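Here's the structure, in structure tokens; my notes come after.
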Amino acid sequence: MTPPPVKVDTQEVAKGIFYLTGGSHHSVAADFGAYIVLVECPLSEERALAVIDAAKKAIPKKPIRYVVNTHHHFDHTGGLRACMAEGATILTQTANKPYYEKLASLPHTIRPDSLAKSPKKAIVEAIDDKRVLTGGGHTMEIYRVQGSNHADTMMIAYFPKEKILVDADIYTPAAANMTPPPPTKEMQNLDANLKRLKLDVQQITPIHGRLVTLADFQKALGQ
């Protein structure tokens with residue numbers, strides 16, 4: 001059976017910043033003037049290609065220069081080879097770099113993917129604790145989350161002007177009509193990191209779940 005087409009819904013959450021949803025794993029694309037920055041190229045080749053297409057439709061005639069990868073788990077690396085085939089530079093925490101370079105070198109002969117069909121030397125840049133990207137009137141700050149039990153390489157992205165946070169697997173908001181479950185240690189750790197970094201977050205575009213406000217997060221924390 002032919003699988004159904006991958007659905008990607010596009011919502012502009014701030015000028016030039018787009019929330020790409022429609023499945024279990026979301027992405028965020030931002031217009032940095034001469035190029036696009038994409039947060040997460042997740043899950044699979046099929047999802048990644050659909051996300052790439054949606055980002056280019058939302059921000060036309062510009063290449064995807066950077067892809068911010070939040071962490072190394074399989075569902076957050078499954079689409080990276082498609083983004084590598086686009087020529088995008090992968091930004092990830094330092095400990096992931098050797099693994100991602102190995103991931104890029106695998107031949108994929110049984111079921112050739114985008115990178116196998118259009119080989120390119122993958123560019124993977126390491127981030128220890130912080131990296132800042134600027135362009136097109138936007139600034140994105142990328143931070144390693146200290147103390148995460150989910151992944152020691154966990155990264156978050158933050159747009160200071162728009163006060164938007166992007167996180168994956170740390171805070172997954174419950175549906176709007178549901179009572180939030182008890183707060184997890186990862187949520188409490190995120191709250192501690194936001195305070196440590198002094199990030200003035202007002203809106204959260206999580207990689208899983210739905211668009212929420214800081215007030216939603218604080219309510220889920222029981223604050």
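Please note that chains go A, B, ... in the order of the structure tokens, that every chain numbers its residues from 1, and that ligands are numbered from 1 in the order shown.
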
Could you name the residues that touch A:Thr205 at 8 Å or less, counting only C-alpha atoms, but leaving out those on the same chain fewer than 6 positions away, as a list in words?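 The neighbour list is Tyr19, Val28, Ile164, Leu165, Val166, Asp167, Leu211 and Val212 of chain A.
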
Just want the 9 Å neighbourhood of stretch 131-148 of chain A, counted on only C-alpha atoms, with same-chain residues fewer than 3 positions away dropped. Output as a ChimeraX atom specification. /A:16,30-35,37,68,70,93,127-128,151-162,170,185-186,189-190,193,197

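Those residues that approach stretch 45-54 of chain A to within 8 Å, counting only C-alpha atoms, are Val6, Lys7, Val8, Thr10, Leu20, Ser27, Gly78, Gly79, Leu80, Arg81, Ala82, Cys83, Asp113 and Ser114 of chain A; same-chain residues fewer than 5 positions away are not listed.
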
Next, dump the selected residues to file, keeping only N, CA and C atoms, as a JSON list (two decimals), in the first residue's frame.
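New file out-v8.json:
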[["chain", "number", "residue", "atom", "x", "y", "z"],
["A", 6, "VAL", "N", 2.54, 13.00, 3.57],
["A", 6, "VAL", "CA", 2.85, 13.61, 4.86],
["A", 6, "VAL", "C", 2.20, 14.99, 4.91],
["A", 7, "LYS", "N", 1.53, 15.25, 6.02],
["A", 7, "LYS", "CA", 0.83, 16.53, 6.19],
["A", 7, "LYS", "C", 1.70, 17.49, 6.98],
["A", 8, "VAL", "N", 1.86, 18.70, 6.46],
["A", 8, "VAL", "CA", 2.55, 19.75, 7.19],
["A", 8, "VAL", "C", 1.67, 21.00, 7.17],
["A", 10, "THR", "N", 1.29, 24.98, 8.28],
["A", 10, "THR", "CA", 2.20, 26.11, 8.49],
["A", 10, "THR", "C", 1.46, 27.25, 9.17],
["A", 20, "LEU", "N", 5.79, 24.57, 11.90],
["A", 20, "LEU", "CA", 5.44, 23.55, 10.91],
["A", 20, "LEU", "C", 4.96, 22.31, 11.66],
["A", 27, "SER", "N", 8.40, 21.25, 13.54],
["A", 27, "SER", "CA", 9.63, 21.98, 13.24],
["A", 27, "SER", "C", 9.32, 23.47, 13.30],
["A", 78, "GLY", "N", 16.13, 11.11, 12.39],
["A", 78, "GLY", "CA", 15.70, 10.32, 11.24],
["A", 78, "GLY", "C", 15.61, 11.08, 9.93],
["A", 79, "GLY", "N", 15.47, 12.40, 9.98],
["A", 79, "GLY", "CA", 15.39, 13.19, 8.76],
["A", 79, "GLY", "C", 16.64, 13.98, 8.45],
["A", 80, "LEU", "N", 17.68, 13.82, 9.25],
["A", 80, "LEU", "CA", 18.86, 14.66, 9.07],
["A", 80, "LEU", "C", 19.55, 14.45, 7.72],
["A", 81, "ARG", "N", 19.55, 13.21, 7.22],
["A", 81, "ARG", "CA", 20.23, 12.97, 5.95],
["A", 81, "ARG", "C", 19.55, 13.74, 4.81],
["A", 82, "ALA", "N", 18.23, 13.89, 4.88],
["A", 82, "ALA", "CA", 17.52, 14.68, 3.86],
["A", 82, "ALA", "C", 17.95, 16.14, 3.92],
["A", 83, "CYS", "N", 18.14, 16.66, 5.14],
["A", 83, "CYS", "CA", 18.59, 18.04, 5.29],
["A", 83, "CYS", "C", 20.06, 18.18, 4.88],
["A", 113, "ASP", "N", 18.30, 6.96, -0.14],
["A", 113, "ASP", "CA", 17.58, 8.17, 0.25],
["A", 113, "ASP", "C", 18.15, 9.38, -0.48],
["A", 114, "SER", "N", 17.74, 10.56, -0.08],
["A", 114, "SER", "CA", 18.16, 11.78, -0.78],
["A", 114, "SER", "C", 19.67, 11.94, -0.80]]

DSSP on the backbone: what in stretch 10-200 of chain A comes out strand (DSSP E), as a PyMOL selection string? chain A and resi 10-14+17-21+27-31+36-39+64-68+89-93+123-127+130-135+138-144+155-159+164-166

Skip A:Lys97 itself and residues of its chain fewer than 5 positions away, then list as a ChimeraX atom specification all residues within 8 Å of it, counting only C-alpha atoms. /A:92,124-126

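Taking atom CA of A:Pro180 and atom CA of A:Gln218 as endpoints, the distance between them is 10.8 Å.
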
Can you check which residues of stretch 8-201 of chain A DSSP gives as helix (DSSP H, G or I) on the backbone and send them as a count of residues only? 53

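The gap separating atom CA of A:Pro98 from atom CA of A:Ile207 is 24.3 Å, in Å to one decimal.
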
Using only C-alpha atoms, which residues sit within 12 Å of A:Lys219 once same-chain residues fewer than 4 positions away are excluded, as a short mmCIF file (atom, residue, chain, number, x, y, z; two decimals) with C-alpha atoms, in the first residue's frame?
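Done, and the output landed in result-v4.cif:
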data_model
loop_
_atom_site.label_atom_id
_atom_site.label_comp_id
_atom_site.auth_asym_id
_atom_site.auth_seq_id
_atom_site.Cartn_x
_atom_site.Cartn_y
_atom_site.Cartn_z
CA PRO A 173 1.69 20.35 26.41
CA ALA A 174 -1.51 18.44 27.02
CA THR A 179 -6.10 18.68 32.64
CA PRO A 180 -2.30 18.81 32.59
CA PRO A 181 -0.64 15.73 34.14
CA PRO A 182 1.68 16.17 37.13
CA PRO A 183 4.87 18.06 36.25
CA MET A 187 9.81 20.24 33.05
CA VAL A 212 1.26 27.42 24.24
CA THR A 213 2.16 30.40 26.40
CA LEU A 214 4.47 30.68 29.37
CA ALA A 215 1.32 30.83 31.53
CA GLN A 223 2.93 27.53 39.79
#

Nearest to A:Asp191: which of A:Leu221, A:Ile110, A:Leu43, A:Ile204 is it, counting only C-alpha atoms? A:Leu221
